[in-house]
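**Q** Sharing structure26.cif, mmCIF, C-alpha atoms and all ligand atoms:
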data_upload
loop_
_atom_site.label_atom_id
_atom_site.label_comp_id
_atom_site.auth_asym_id
_atom_site.auth_seq_id
_atom_site.Cartn_x
_atom_site.Cartn_y
_atom_site.Cartn_z
CA MET A 1 4.17 20.94 -15.01
CA THR A 2 0.55 21.09 -13.87
CA THR A 3 0.31 22.51 -10.38
CA VAL A 4 -0.85 19.95 -7.90
CA SER A 5 -2.99 21.51 -5.23
CA PRO A 6 -2.34 20.38 -1.67
CA ALA A 7 -6.04 20.93 -0.96
CA MET A 8 -6.97 17.84 -2.93
CA PRO A 9 -9.28 16.04 -3.17
CA ASP A 10 -12.05 18.63 -3.68
CA ALA A 11 -15.18 18.59 -1.49
CA ALA A 12 -16.78 15.87 -3.62
CA GLY A 13 -13.69 13.71 -3.28
CA PHE A 14 -12.21 14.23 -6.75
CA PHE A 15 -8.55 14.40 -7.69
CA GLY A 16 -9.13 16.09 -11.05
CA GLN A 17 -11.49 13.67 -12.81
CA TYR A 18 -10.64 10.72 -10.54
CA GLY A 19 -12.04 9.53 -7.23
CA GLY A 20 -15.56 10.46 -6.14
CA GLN A 21 -18.28 8.27 -4.62
CA TYR A 22 -19.87 5.81 -7.05
CA VAL A 23 -21.82 3.88 -4.44
CA PRO A 24 -25.43 2.78 -3.71
CA GLU A 25 -27.54 5.52 -2.08
CA PRO A 26 -27.59 3.99 1.44
CA LEU A 27 -23.79 4.25 1.64
CA LYS A 28 -23.56 7.97 0.84
CA PRO A 29 -24.64 9.40 4.22
CA ILE A 30 -22.37 6.90 5.98
CA LEU A 31 -19.38 8.01 3.90
CA ASP A 32 -20.26 11.66 4.42
CA THR A 33 -20.31 11.20 8.20
CA LEU A 34 -16.89 9.57 7.96
CA ALA A 35 -15.57 12.44 5.82
CA GLN A 36 -16.80 14.96 8.38
CA ALA A 37 -15.19 13.10 11.28
CA PHE A 38 -11.91 12.90 9.34
CA GLU A 39 -11.99 16.67 8.71
CA THR A 40 -12.63 17.26 12.41
CA TYR A 41 -9.79 15.11 13.71
CA ARG A 42 -7.05 15.22 11.09
CA ASN A 43 -5.57 18.38 12.62
CA ASP A 44 -6.80 17.87 16.17
CA PRO A 45 -3.73 18.08 18.46
CA GLU A 46 -4.99 15.44 20.91
CA PHE A 47 -5.81 13.04 18.06
CA LEU A 48 -2.38 13.57 16.50
CA ARG A 49 -0.66 13.13 19.86
CA GLU A 50 -2.34 9.75 20.29
CA PHE A 51 -1.64 8.74 16.67
CA ASN A 52 2.05 9.59 17.04
CA TYR A 53 2.20 7.82 20.39
CA TYR A 54 1.06 4.50 18.86
CA LEU A 55 3.20 4.93 15.76
CA LYS A 56 6.19 5.20 18.06
CA HIS A 57 5.40 2.78 20.87
CA PHE A 58 3.31 0.15 19.08
CA SER A 59 4.86 0.14 15.63
CA GLY A 60 8.38 1.28 16.49
CA ARG A 61 8.56 4.43 14.34
CA GLU A 62 10.42 6.24 13.15
CA THR A 63 11.80 3.80 10.63
CA PRO A 64 15.30 4.67 9.35
CA VAL A 65 16.56 5.32 5.84
CA TYR A 66 19.38 2.95 4.98
CA LEU A 67 22.14 3.36 2.39
CA CYS A 68 22.68 0.09 0.49
CA SER A 69 26.46 0.47 0.13
CA ASN A 70 27.10 -3.03 -1.26
CA LEU A 71 24.31 -2.84 -3.81
CA THR A 72 25.28 0.71 -4.80
CA LYS A 73 28.90 -0.31 -5.30
CA ALA A 74 27.96 -3.38 -7.34
CA LEU A 75 25.71 -1.36 -9.66
CA GLY A 76 28.24 1.43 -10.09
CA GLY A 77 25.85 4.38 -10.35
CA ALA A 78 23.38 6.27 -8.16
CA LYS A 79 23.27 5.70 -4.42
CA ILE A 80 20.35 3.51 -3.40
CA TYR A 81 18.64 4.29 -0.10
CA LEU A 82 15.80 2.28 1.43
CA LYS A 83 13.04 3.71 3.58
CA ARG A 84 12.74 0.84 6.04
CA GLU A 85 8.98 0.34 6.37
CA ASP A 86 9.79 -3.36 6.73
CA LEU A 87 10.89 -2.59 10.29
CA ASN A 88 7.39 -1.64 11.41
CA HIS A 89 5.50 -3.92 13.79
CA LEU A 90 3.91 -6.66 11.62
CA GLY A 91 6.53 -6.08 8.96
CA ALA A 92 5.01 -3.51 6.62
CA HIS A 93 3.60 -0.02 6.20
CA LYS A 94 -0.01 -1.17 6.59
CA VAL A 95 -0.07 -0.61 10.36
CA ASN A 96 0.36 3.19 9.92
CA ASN A 97 -3.09 3.24 8.38
CA THR A 98 -4.81 0.77 10.71
CA ILE A 99 -3.69 2.76 13.77
CA GLY A 100 -5.00 6.00 12.26
CA GLN A 101 -8.34 4.58 11.19
CA ILE A 102 -9.06 2.75 14.46
CA LEU A 103 -8.31 5.91 16.44
CA LEU A 104 -10.75 7.72 14.15
CA ALA A 105 -13.31 4.94 14.74
CA LYS A 106 -12.96 5.41 18.50
CA ARG A 107 -13.47 9.15 18.20
CA MET A 108 -16.63 8.43 16.21
CA GLY A 109 -17.92 6.22 19.04
CA LYS A 110 -17.74 2.97 17.05
CA LYS A 111 -17.41 -0.35 18.84
CA LYS A 112 -16.77 -2.75 15.95
CA ILE A 113 -14.21 -2.85 13.16
CA ILE A 114 -14.79 -4.66 9.90
CA ALA A 115 -12.33 -5.06 7.05
CA GLU A 116 -11.79 -7.14 3.97
CA THR A 117 -8.54 -8.84 3.13
CA GLY A 118 -7.15 -10.76 0.16
CA ALA A 119 -3.78 -12.28 0.99
CA GLY A 120 -4.36 -11.48 4.65
CA GLN A 121 -1.76 -8.77 5.37
CA HIS A 122 -4.33 -6.02 5.87
CA GLY A 123 -6.48 -8.39 7.93
CA VAL A 124 -3.57 -9.16 10.24
CA ALA A 125 -2.69 -5.47 10.70
CA THR A 126 -6.34 -4.68 11.39
CA ALA A 127 -6.75 -7.55 13.87
CA ALA A 128 -3.60 -6.51 15.75
CA THR A 129 -4.63 -2.87 15.99
CA ALA A 130 -8.18 -3.79 17.02
CA ALA A 131 -6.76 -6.01 19.79
CA LEU A 132 -4.61 -3.10 20.97
CA MET A 133 -7.55 -0.71 21.06
CA GLY A 134 -10.08 -3.15 22.55
CA MET A 135 -12.37 -3.13 19.52
CA GLU A 136 -14.46 -6.03 18.29
CA CYS A 137 -13.07 -7.10 14.90
CA THR A 138 -14.49 -9.07 11.97
CA ILE A 139 -12.42 -9.78 8.86
CA TYR A 140 -14.10 -10.81 5.61
CA MET A 141 -12.05 -13.04 3.40
CA GLY A 142 -12.95 -15.06 0.30
CA ALA A 143 -13.36 -18.78 1.12
CA VAL A 144 -10.63 -19.61 -1.42
CA ASP A 145 -8.25 -17.15 0.25
CA VAL A 146 -9.09 -18.54 3.71
CA GLU A 147 -7.91 -21.92 2.46
CA ARG A 148 -4.78 -20.47 0.77
CA GLN A 149 -3.77 -18.28 3.71
CA LYS A 150 -4.39 -20.53 6.70
CA LEU A 151 -1.56 -19.11 8.78
CA ASN A 152 -2.79 -15.54 8.39
CA VAL A 153 -6.30 -16.67 9.35
CA PHE A 154 -4.87 -18.25 12.49
CA ARG A 155 -2.87 -15.08 13.26
CA MET A 156 -6.02 -12.97 13.05
CA GLN A 157 -7.91 -15.40 15.27
CA MET A 158 -5.10 -15.40 17.83
CA MET A 159 -5.50 -11.64 18.11
CA GLY A 160 -9.23 -11.99 18.68
CA ALA A 161 -10.66 -11.34 15.22
CA LYS A 162 -13.54 -13.30 13.79
CA VAL A 163 -12.77 -14.39 10.22
CA VAL A 164 -15.79 -14.74 7.94
CA ALA A 165 -15.31 -16.77 4.75
CA ALA A 166 -17.23 -15.24 1.82
CA GLN A 167 -18.89 -18.10 -0.06
CA SER A 168 -20.42 -16.31 -3.06
CA GLY A 169 -19.04 -16.02 -6.63
CA GLN A 170 -15.31 -16.63 -7.07
CA LYS A 171 -14.87 -16.67 -3.27
CA THR A 172 -11.96 -14.19 -3.35
CA LEU A 173 -11.37 -10.52 -2.57
CA LYS A 174 -14.29 -9.08 -4.54
CA GLU A 175 -16.83 -11.25 -2.69
CA ALA A 176 -15.18 -10.40 0.63
CA VAL A 177 -15.60 -6.67 -0.18
CA ASP A 178 -19.27 -7.20 -1.12
CA GLU A 179 -20.05 -9.01 2.13
CA ALA A 180 -18.13 -6.53 4.27
CA LEU A 181 -19.96 -3.58 2.67
CA GLY A 182 -23.27 -5.36 3.21
CA ALA A 183 -22.47 -5.82 6.90
CA TRP A 184 -21.48 -2.15 7.17
CA VAL A 185 -24.76 -0.85 5.73
CA GLN A 186 -26.65 -3.15 8.15
CA ASP A 187 -24.93 -1.74 11.21
CA ALA A 188 -23.30 1.60 10.35
CA GLU A 189 -24.21 3.04 13.75
CA GLU A 190 -21.78 0.80 15.63
CA THR A 191 -19.40 -0.31 12.89
CA PHE A 192 -16.36 1.22 11.22
CA TYR A 193 -15.14 -0.08 7.85
CA LEU A 194 -11.35 -0.06 7.83
CA LEU A 195 -10.05 0.14 4.25
CA GLY A 196 -6.49 -1.00 3.62
CA SER A 197 -5.23 0.96 0.62
CA ALA A 198 -5.58 4.38 -0.99
CA VAL A 199 -8.60 3.20 -3.00
CA GLY A 200 -12.39 3.05 -2.59
CA PRO A 201 -14.96 5.84 -2.49
CA HIS A 202 -14.22 9.24 -0.95
CA PRO A 203 -13.03 9.86 1.76
CA TYR A 204 -10.91 6.68 1.93
CA PRO A 205 -8.16 7.66 -0.53
CA ALA A 206 -7.66 10.93 1.38
CA ILE A 207 -7.71 9.20 4.78
CA VAL A 208 -5.20 6.52 3.79
CA ARG A 209 -2.90 9.09 2.17
CA GLU A 210 -2.99 11.21 5.33
CA PHE A 211 -2.13 8.34 7.68
CA GLN A 212 0.59 6.96 5.38
CA SER A 213 2.16 10.36 4.68
CA VAL A 214 4.29 9.92 7.81
CA VAL A 215 6.55 7.79 5.56
CA GLY A 216 7.51 10.64 3.23
CA ARG A 217 7.64 13.25 6.01
CA GLU A 218 10.20 11.23 7.92
CA ALA A 219 12.14 10.32 4.79
CA LYS A 220 12.44 13.94 3.69
CA ARG A 221 14.01 14.98 6.98
CA GLN A 222 16.19 11.87 7.13
CA MET A 223 17.55 12.39 3.59
CA ARG A 224 18.41 15.99 4.46
CA GLU A 225 20.26 14.73 7.53
CA ALA A 226 22.07 11.96 5.65
CA GLU A 227 22.91 13.76 2.40
CA GLY A 228 22.14 17.42 2.98
CA ARG A 229 19.61 17.30 0.17
CA LEU A 230 16.54 15.52 -1.17
CA PRO A 231 16.78 12.40 -3.36
CA ASP A 232 16.57 12.68 -7.15
CA TYR A 233 14.08 9.82 -7.30
CA CYS A 234 11.44 8.42 -4.95
CA VAL A 235 10.45 4.92 -6.06
CA ALA A 236 7.64 2.75 -4.64
CA CYS A 237 5.62 -0.27 -5.72
CA VAL A 238 1.95 0.29 -6.53
CA GLY A 239 -0.84 -2.16 -5.73
CA GLY A 240 -3.71 0.01 -4.50
CA GLY A 241 -1.13 2.73 -4.02
CA SER A 242 -0.93 3.39 -0.27
CA ASN A 243 2.79 2.95 0.38
CA ALA A 244 3.56 4.91 -2.79
CA ILE A 245 1.29 7.85 -1.97
CA GLY A 246 2.58 7.78 1.61
CA LEU A 247 6.12 8.27 0.31
CA PHE A 248 5.18 10.71 -2.46
CA ALA A 249 2.83 13.03 -0.50
CA ASP A 250 5.50 15.23 1.04
CA PHE A 251 7.59 15.35 -2.16
CA ILE A 252 4.82 16.35 -4.61
CA ASP A 253 5.65 20.03 -4.12
CA GLU A 254 9.39 19.42 -4.64
CA PRO A 255 9.80 19.70 -8.41
CA GLY A 256 13.42 18.48 -8.26
CA VAL A 257 12.31 15.08 -6.97
CA LYS A 258 11.07 12.58 -9.56
CA LEU A 259 8.31 10.27 -8.36
CA VAL A 260 8.13 6.78 -9.82
CA GLY A 261 5.48 4.12 -9.13
CA VAL A 262 6.26 0.53 -10.12
CA GLU A 263 3.44 -1.82 -11.12
CA PRO A 264 3.65 -5.60 -11.60
CA SER A 265 3.91 -6.79 -15.20
CA GLY A 266 3.78 -10.38 -13.90
CA ARG A 267 4.43 -12.93 -16.64
CA GLY A 268 4.01 -10.46 -19.50
CA LEU A 269 1.89 -7.67 -20.94
CA GLU A 270 -0.85 -9.93 -22.36
CA TYR A 271 -4.36 -9.86 -20.88
CA GLY A 272 -4.61 -11.68 -17.55
CA GLN A 273 -0.84 -11.97 -17.01
CA HIS A 274 -0.18 -8.71 -15.14
CA ALA A 275 -1.69 -5.98 -12.95
CA ALA A 276 -0.05 -2.92 -14.51
CA THR A 277 -3.13 -0.73 -14.20
CA LEU A 278 -1.71 2.75 -14.76
CA CYS A 279 0.69 1.56 -17.47
CA LEU A 280 -1.83 -0.42 -19.51
CA GLY A 281 -5.33 0.40 -18.23
CA GLU A 282 -7.89 3.08 -19.07
CA PRO A 283 -10.18 5.32 -17.02
CA GLY A 284 -13.28 3.66 -15.60
CA VAL A 285 -15.34 3.11 -12.45
CA MET A 286 -15.13 0.14 -10.10
CA HIS A 287 -15.39 -0.52 -6.35
CA GLY A 288 -17.00 2.88 -5.81
CA PHE A 289 -14.46 5.23 -7.43
CA ARG A 290 -13.19 6.44 -10.79
CA SER A 291 -9.59 5.74 -11.72
CA TYR A 292 -7.51 3.82 -14.22
CA MET A 293 -8.59 0.20 -14.41
CA LEU A 294 -7.87 -2.97 -16.30
CA LYS A 295 -11.02 -4.18 -18.06
CA ASP A 296 -12.08 -7.44 -19.64
CA PRO A 297 -13.73 -7.38 -23.11
CA GLN A 298 -17.13 -6.68 -21.44
CA GLY A 299 -15.73 -3.68 -19.59
CA GLU A 300 -15.80 -5.47 -16.23
CA PRO A 301 -12.74 -5.66 -13.91
CA ALA A 302 -10.09 -7.77 -15.64
CA GLU A 303 -8.44 -10.90 -14.37
CA VAL A 304 -5.08 -9.85 -13.00
CA TYR A 305 -1.97 -11.65 -11.92
CA SER A 306 1.27 -10.96 -10.05
CA ILE A 307 3.74 -13.14 -8.19
CA SER A 308 3.04 -10.93 -5.17
CA ALA A 309 -0.42 -11.21 -3.67
CA GLY A 310 -0.38 -7.59 -2.48
CA LEU A 311 -0.14 -6.11 -5.98
CA ASP A 312 -2.77 -7.96 -8.03
CA TYR A 313 -5.57 -5.42 -8.10
CA PRO A 314 -7.30 -4.28 -11.36
CA SER A 315 -7.64 -0.63 -10.31
CA VAL A 316 -5.47 1.86 -8.44
CA GLY A 317 -5.80 4.80 -6.07
CA PRO A 318 -7.35 7.84 -7.81
CA GLU A 319 -4.62 10.25 -6.73
CA HIS A 320 -2.09 8.18 -8.71
CA ALA A 321 -4.33 8.44 -11.79
CA PHE A 322 -4.30 12.20 -11.33
CA LEU A 323 -0.54 12.40 -10.77
CA LYS A 324 0.02 10.35 -13.93
CA ASP A 325 -2.18 12.56 -16.13
CA ALA A 326 -0.65 15.71 -14.57
CA GLY A 327 2.81 14.40 -15.45
CA ARG A 328 3.91 14.75 -11.83
CA ALA A 329 4.60 11.06 -11.31
CA GLU A 330 5.73 8.39 -13.74
CA TYR A 331 4.48 4.80 -13.65
CA VAL A 332 6.56 1.92 -14.95
CA HIS A 333 6.40 -1.84 -14.55
CA ALA A 334 8.60 -4.69 -13.38
CA SER A 335 8.01 -8.37 -14.09
CA ASP A 336 7.87 -11.39 -11.76
CA ALA A 337 11.37 -12.34 -12.91
CA GLU A 338 12.82 -8.86 -12.29
CA ALA A 339 11.20 -8.75 -8.85
CA MET A 340 12.59 -12.20 -8.02
CA ASP A 341 16.11 -11.11 -9.03
CA ALA A 342 15.80 -8.03 -6.83
CA PHE A 343 14.47 -10.20 -3.98
CA PHE A 344 17.56 -12.43 -4.11
CA MET A 345 19.97 -9.57 -4.73
CA LEU A 346 18.96 -7.51 -1.69
CA SER A 347 18.93 -10.61 0.52
CA ARG A 348 22.40 -11.64 -0.58
CA MET A 349 24.08 -8.24 -0.73
CA GLU A 350 22.55 -6.38 2.19
CA GLY A 351 21.15 -9.08 4.47
CA ILE A 352 17.63 -7.73 4.08
CA ILE A 353 14.89 -9.99 2.68
CA PRO A 354 12.34 -7.70 1.02
CA ALA A 355 8.62 -8.40 0.50
CA LEU A 356 7.87 -9.51 -3.07
CA GLU A 357 5.77 -6.36 -3.44
CA SER A 358 8.66 -4.09 -2.45
CA SER A 359 10.97 -6.12 -4.70
CA HIS A 360 9.19 -4.56 -7.70
CA ALA A 361 10.24 -1.07 -6.58
CA LEU A 362 13.74 -2.33 -5.93
CA ALA A 363 13.88 -3.94 -9.39
CA HIS A 364 13.29 -0.55 -10.97
CA ALA A 365 15.97 1.08 -8.83
CA ILE A 366 18.40 -1.66 -9.89
CA ARG A 367 17.66 -0.88 -13.57
CA LEU A 368 17.88 2.87 -13.01
CA ALA A 369 20.97 3.23 -10.80
CA PRO A 370 23.63 2.28 -13.40
CA THR A 371 22.18 4.85 -15.86
CA LEU A 372 22.80 7.68 -13.36
CA GLY A 373 25.95 9.30 -12.02
CA ARG A 374 27.41 8.45 -8.62
CA GLU A 375 26.22 11.78 -7.20
CA SER A 376 22.57 10.83 -7.87
CA ILE A 377 20.30 9.45 -5.14
CA ILE A 378 17.41 7.00 -5.43
CA LEU A 379 15.15 6.48 -2.41
CA VAL A 380 13.16 3.23 -2.53
CA ASN A 381 10.24 2.57 -0.22
CA LEU A 382 10.91 -0.89 1.21
CA SER A 383 7.22 -1.32 2.04
CA GLY A 384 7.59 -4.66 3.81
CA ARG A 385 9.81 -7.53 4.83
CA GLY A 386 9.90 -10.80 2.92
CA ASP A 387 9.52 -13.35 5.71
CA LYS A 388 5.90 -13.88 4.64
CA ASP A 389 7.12 -14.79 1.13
CA VAL A 390 9.98 -17.14 1.98
CA ALA A 391 7.87 -20.34 1.95
CA GLN A 392 6.40 -19.41 -1.47
CA VAL A 393 9.82 -18.65 -2.95
CA GLU A 394 11.33 -21.81 -1.44
CA SER A 395 8.71 -24.01 -3.08
CA MET A 396 9.19 -22.22 -6.43
CA VAL A 397 12.93 -22.83 -6.22
CA THR A 398 12.31 -26.50 -5.32
CA GLU A 399 9.88 -26.91 -8.24
CA GLY A 400 12.38 -25.22 -10.53
CA THR A 401 9.94 -22.45 -11.58
CA VAL A 402 12.42 -19.95 -10.15
CA VAL A 403 16.16 -20.21 -10.53
CA PRO A 404 18.09 -18.19 -7.98
CA PRO A 405 20.93 -16.10 -9.42
CA ALA A 406 24.36 -17.73 -9.53
CA MET A 407 25.71 -15.46 -6.80
CA LEU A 408 23.59 -17.41 -4.31
CA LYS A 409 25.54 -20.58 -4.97
CA ARG A 410 28.81 -20.83 -3.16
C1 LIG A 501 -0.18 -4.60 0.86
C2 LIG A 501 1.21 -4.34 0.49
C3 LIG A 501 1.56 -3.58 -0.65
C4 LIG A 501 0.56 -3.08 -1.63
O1 LIG A 501 -0.34 -2.13 -1.16
P1 LIG A 501 -0.21 -0.57 -1.49
O2 LIG A 501 -1.51 -0.05 -0.98
O3 LIG A 501 -0.05 -0.42 -2.97
O4 LIG A 501 0.95 -0.06 -0.74
C5 LIG A 501 2.90 -3.32 -0.89
N1 LIG A 501 3.87 -3.80 -0.08
C6 LIG A 501 3.57 -4.54 1.00
C7 LIG A 501 4.69 -5.05 1.84
C8 LIG A 501 2.25 -4.84 1.33
O5 LIG A 501 1.98 -5.60 2.40
#
Output the file's structure in the form of structure tokens.
**A**
Amino acid sequence: MTTVSPAMPDAAGFFGQYGGQYVPEPLKPILDTLAQAFETYRNDPEFLREFNYYLKHFSGRETPVYLCSNLTKALGGAKIYLKREDLNHLGAHKVNNTIGQILLAKRMGKKKIIAETGAGQHGVATAATAALMGMECTIYMGAVDVERQKLNVFRMQMMGAKVVAAQSGQKTLKEAVDEALGAWVQDAEETFYLLGSAVGPHPYPAIVREFQSVVGREAKRQMREAEGRLPDYCVACVGGGSNAIGLFADFIDEPGVKLVGVEPSGRGLEYGQHAATLCLGEPGVMHGFRSYMLKDPQGEPAEVYSISAGLDYPSVGPEHAFLKDAGRAEYVHASDAEAMDAFFMLSRMEGIIPALESSHALAHAIRLAPTLGRESIILVNLSGRGDKDVAQVESMVTEGTVVPPAMLKR
């Protein structure tokens, strides 16, 4: 196995050949200032004290690990544990990162937070954390997404955020990113750009990994307490890759623990029907960094699709690209249908409704468990709760596009 250095990324922001800063000149000094501030505060005891305070008192950490006894028994193989990130305030892991970045923004003397959001989950976490910290907050969202995600827009507004609808191009996430970056360059003195996943130009992938790594640190200790040893597998879904790298980070140097990222294969492996970037993509540059990406015939970012809005991104965090090439982590895919089955199965058997994103990780664990002995342990990162997805699933069931498994019928 290739050794994976804990000192990564290197000074230029590369994980092997992935990462870096592929951005317009005016952005470079702004990113460098951010990288310096991050280096200053990441090990600062007072900063960490404050970070841990809000993780505990605002978000409710630590989150437990939970043994799915019913599911384990039904599958007849490895024990399945969940890391319960769904129990965080706002219902997902995203708040770990927004707390960390807004505290960093305050240390840097910034007054305003800007962020982009697609489905709205990152926008809501950002708006909530900005309200907590008394920061002015503007969320950029494609006009099409504003229409599709009215409730999330209202949530953000309730917590004091201004939501700007991006009107250019396709009016979705890409345009929201363009407008947010434009606003940042205009007012970098006062403004902090809060990025929501382990993607983007250096130093963002390193920052997001650092603030999410609390997930794996807790889980490692909790698994030792529960089982007296580490799990055989750590499994997480991969959109941009933040919940996965958060779980993996503290296990990378544990060669006995297999790391598995699960990407969405949507309706199938044909072009436009999935977002399985590491499984089916190739190296390339987009959104300011080099990683695996899905390309269209012109080499531009591909159209992507997944049943879960949080996973349909045509690139992926650069550290995952590195871990794949190094053979340290394995990346597999799960389809819409497999994720839906997992969604219903966990709800019915354990009384926990998982996010559709997390259901992809669970789907892989459900495939894997019966192939392993009863002494084996799989730890799944349950990145979020499914309440946000219930209306979508209900209308799919009503339309007949999704048929719930027979066990749901009494
Ligand atoms: C946003 C989101 C994801 C995908 O983002 P990552 O950066 O890949 O973790 C996964 N699960 C949930 C619940 C989310 O809200």
**Q** So, counting only C-alpha atoms, which residue among A:Val403, A:Ala219, A:Leu323, A:Leu269 is closest to Pro231 of chain A?
**A**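 Under the stated criterion, the closest residue is A:Ala219.
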**Q** Taking into account all atoms listed in the file, which residue in the set A:Gly299, A:Gly261, A:Gly284, A:Gly76 is nearest to Lys324 of chain A?
**A**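 For Lys324 of chain A, the nearest of the given residues is A:Gly261.
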**Q** Would you list the contacts of Arg374 of chain A as an mmCIF file with C-alpha atoms, keeping the file's coordinate frame, taking every protein, DNA or RNA residue within 12 Å and counting all atoms listed in the file, but skipping same-chain residues closer than 5 positions in sequence?
**A**
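The new file around-v9.cif reads:
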data_model
loop_
_atom_site.group_PDB
_atom_site.id
_atom_site.type_symbol
_atom_site.label_atom_id
_atom_site.label_comp_id
_atom_site.auth_asym_id
_atom_site.auth_seq_id
_atom_site.Cartn_x
_atom_site.Cartn_y
_atom_site.Cartn_z
ATOM 1 C CA SER A 69 26.460 0.470 0.130
ATOM 2 C CA THR A 72 25.280 0.710 -4.800
ATOM 3 C CA LYS A 73 28.900 -0.310 -5.300
ATOM 4 C CA ALA A 74 27.960 -3.380 -7.340
ATOM 5 C CA LEU A 75 25.710 -1.360 -9.660
ATOM 6 C CA GLY A 76 28.240 1.430 -10.090
ATOM 7 C CA GLY A 77 25.850 4.380 -10.350
ATOM 8 C CA ALA A 78 23.380 6.270 -8.160
ATOM 9 C CA LYS A 79 23.270 5.700 -4.420
ATOM 10 C CA ILE A 80 20.350 3.510 -3.400
ATOM 11 C CA ASP A 232 16.570 12.680 -7.150
ATOM 12 C CA LEU A 368 17.880 2.870 -13.010
ATOM 13 C CA ALA A 369 20.970 3.230 -10.800
#
**Q** Let me have all residues with an atom within 7 Å of ligand LIG 501 (chain A), counting all atoms listed in the file, laid out as an mmCIF file with C-alpha atoms, keeping the file's coordinate frame.
**A**
data_model
loop_
_atom_site.group_PDB
_atom_site.id
_atom_site.type_symbol
_atom_site.label_atom_id
_atom_site.label_comp_id
_atom_site.auth_asym_id
_atom_site.auth_seq_id
_atom_site.Cartn_x
_atom_site.Cartn_y
_atom_site.Cartn_z
ATOM 1 C CA ALA A 92 5.010 -3.510 6.620
ATOM 2 C CA HIS A 93 3.600 -0.020 6.200
ATOM 3 C CA LYS A 94 -0.010 -1.170 6.590
ATOM 4 C CA GLN A 121 -1.760 -8.770 5.370
ATOM 5 C CA HIS A 122 -4.330 -6.020 5.870
ATOM 6 C CA GLY A 196 -6.490 -1.000 3.620
ATOM 7 C CA SER A 197 -5.230 0.960 0.620
ATOM 8 C CA ALA A 198 -5.580 4.380 -0.990
ATOM 9 C CA CYS A 237 5.620 -0.270 -5.720
ATOM 10 C CA VAL A 238 1.950 0.290 -6.530
ATOM 11 C CA GLY A 239 -0.840 -2.160 -5.730
ATOM 12 C CA GLY A 240 -3.710 0.010 -4.500
ATOM 13 C CA GLY A 241 -1.130 2.730 -4.020
ATOM 14 C CA SER A 242 -0.930 3.390 -0.270
ATOM 15 C CA ASN A 243 2.790 2.950 0.380
ATOM 16 C CA ALA A 244 3.560 4.910 -2.790
ATOM 17 C CA GLY A 310 -0.380 -7.590 -2.480
ATOM 18 C CA LEU A 311 -0.140 -6.110 -5.980
ATOM 19 C CA ALA A 355 8.620 -8.400 0.500
ATOM 20 C CA GLU A 357 5.770 -6.360 -3.440
ATOM 21 C CA SER A 358 8.660 -4.090 -2.450
ATOM 22 C CA SER A 383 7.220 -1.320 2.040
ATOM 23 C CA GLY A 384 7.590 -4.660 3.810
ATOM 24 C CA ARG A 385 9.810 -7.530 4.830
#
**Q** So, counting all atoms listed in the file, which residue among A:Leu382, A:Ile252, A:Ala37, A:Leu294 is closest to Glu270 of chain A?
**A** A:Leu294
**Q** Skip Arg148 of chain A itself and residues of its chain fewer than 4 positions away, then list as an MDAnalysis selection string all residues within 12 Å of it, counting all atoms listed in the file.
**A** chainID A and resid 118:120 141:144 152:154 165 171:172 309 392
**Q** Taking (-16.3, 10.8, 10.7) in the file's coordinates as the center, which residues reach within 12 Å of it, counting all atoms listed in the file, put as a PyMOL selection string?
**A** chain A and resi 29-42+101-110+188-189+191-193+202-204+207
**Q** Go ahead and compute the interatomic distance for atom CA of Gly228 of chain A and atom CA of Asn52 of chain A, in Å to one decimal.
**A** 25.7 Å
**Q** For His287 of chain A, please output as a PyMOL selection string all residues within 10 Å (counting only C-alpha atoms; exclusion window: fewer than 3 positions along the same chain).
**A** chain A and resi 21-23+174+177-178+199-201+290+301+315
**Q** Restrict the calculation to only C-alpha atoms, then for each residue of segment 346-392 of chain A with any atom at most 9 Å from an atom of segment 331-335 of chain A give the closest atom pair and their distance in Å to one decimal, rows by chain and rising residue number, as a tab-separated table.
**A**
residue	atom	partner	partner_atom	distance
A:His360	CA	A:Ala334	CA	5.7
A:Ala361	CA	A:Ala334	CA	7.9
A:Ala363	CA	A:Ala334	CA	6.7
A:His364	CA	A:Ala334	CA	6.7
**Q** One number please: atom CA of Trp184 of chain A to atom CA of Phe58 of chain A, in Å, one decimal.
**A**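 Atom CA of Phe58 of chain A lies 27.6 Å from atom CA of Trp184 of chain A.
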**Q** Considering only C-alpha atoms, return as a compact mmCIF listing (two decimals) with C-alpha atoms, keeping the file's coordinate frame whatever protein or nucleic-acid residues lie within 8 Å of Val185 of chain A, sequence-local ones (same chain, fewer than 4 positions apart) excluded.
**A**
# COMPACT_ATOMS: atom_id res chain seq x y z
CA PRO A 26 -27.59 3.99 1.44
CA LEU A 27 -23.79 4.25 1.64
CA LEU A 181 -19.96 -3.58 2.67
**Q** Around (-4.8, -2.4, 14.0) in the file's frame, which residues reach within 9 Å when counting only C-alpha atoms? Return as a CSV table (one decimal) with C-alpha atoms, keeping the file's coordinate frame?
**A**
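Done, and the output landed in point-v1.csv:
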chain,number,residue,atom,x,y,z
A,94,LYS,CA,0.0,-1.2,6.6
A,95,VAL,CA,-0.1,-0.6,10.4
A,96,ASN,CA,0.4,3.2,9.9
A,97,ASN,CA,-3.1,3.2,8.4
A,98,THR,CA,-4.8,0.8,10.7
A,99,ILE,CA,-3.7,2.8,13.8
A,100,GLY,CA,-5.0,6.0,12.3
A,101,GLN,CA,-8.3,4.6,11.2
A,102,ILE,CA,-9.1,2.8,14.5
A,122,HIS,CA,-4.3,-6.0,5.9
A,123,GLY,CA,-6.5,-8.4,7.9
A,124,VAL,CA,-3.6,-9.2,10.2
A,125,ALA,CA,-2.7,-5.5,10.7
A,126,THR,CA,-6.3,-4.7,11.4
A,127,ALA,CA,-6.8,-7.6,13.9
A,128,ALA,CA,-3.6,-6.5,15.8
A,129,THR,CA,-4.6,-2.9,16.0
A,130,ALA,CA,-8.2,-3.8,17.0
A,131,ALA,CA,-6.8,-6.0,19.8
A,132,LEU,CA,-4.6,-3.1,21.0
A,133,MET,CA,-7.6,-0.7,21.1
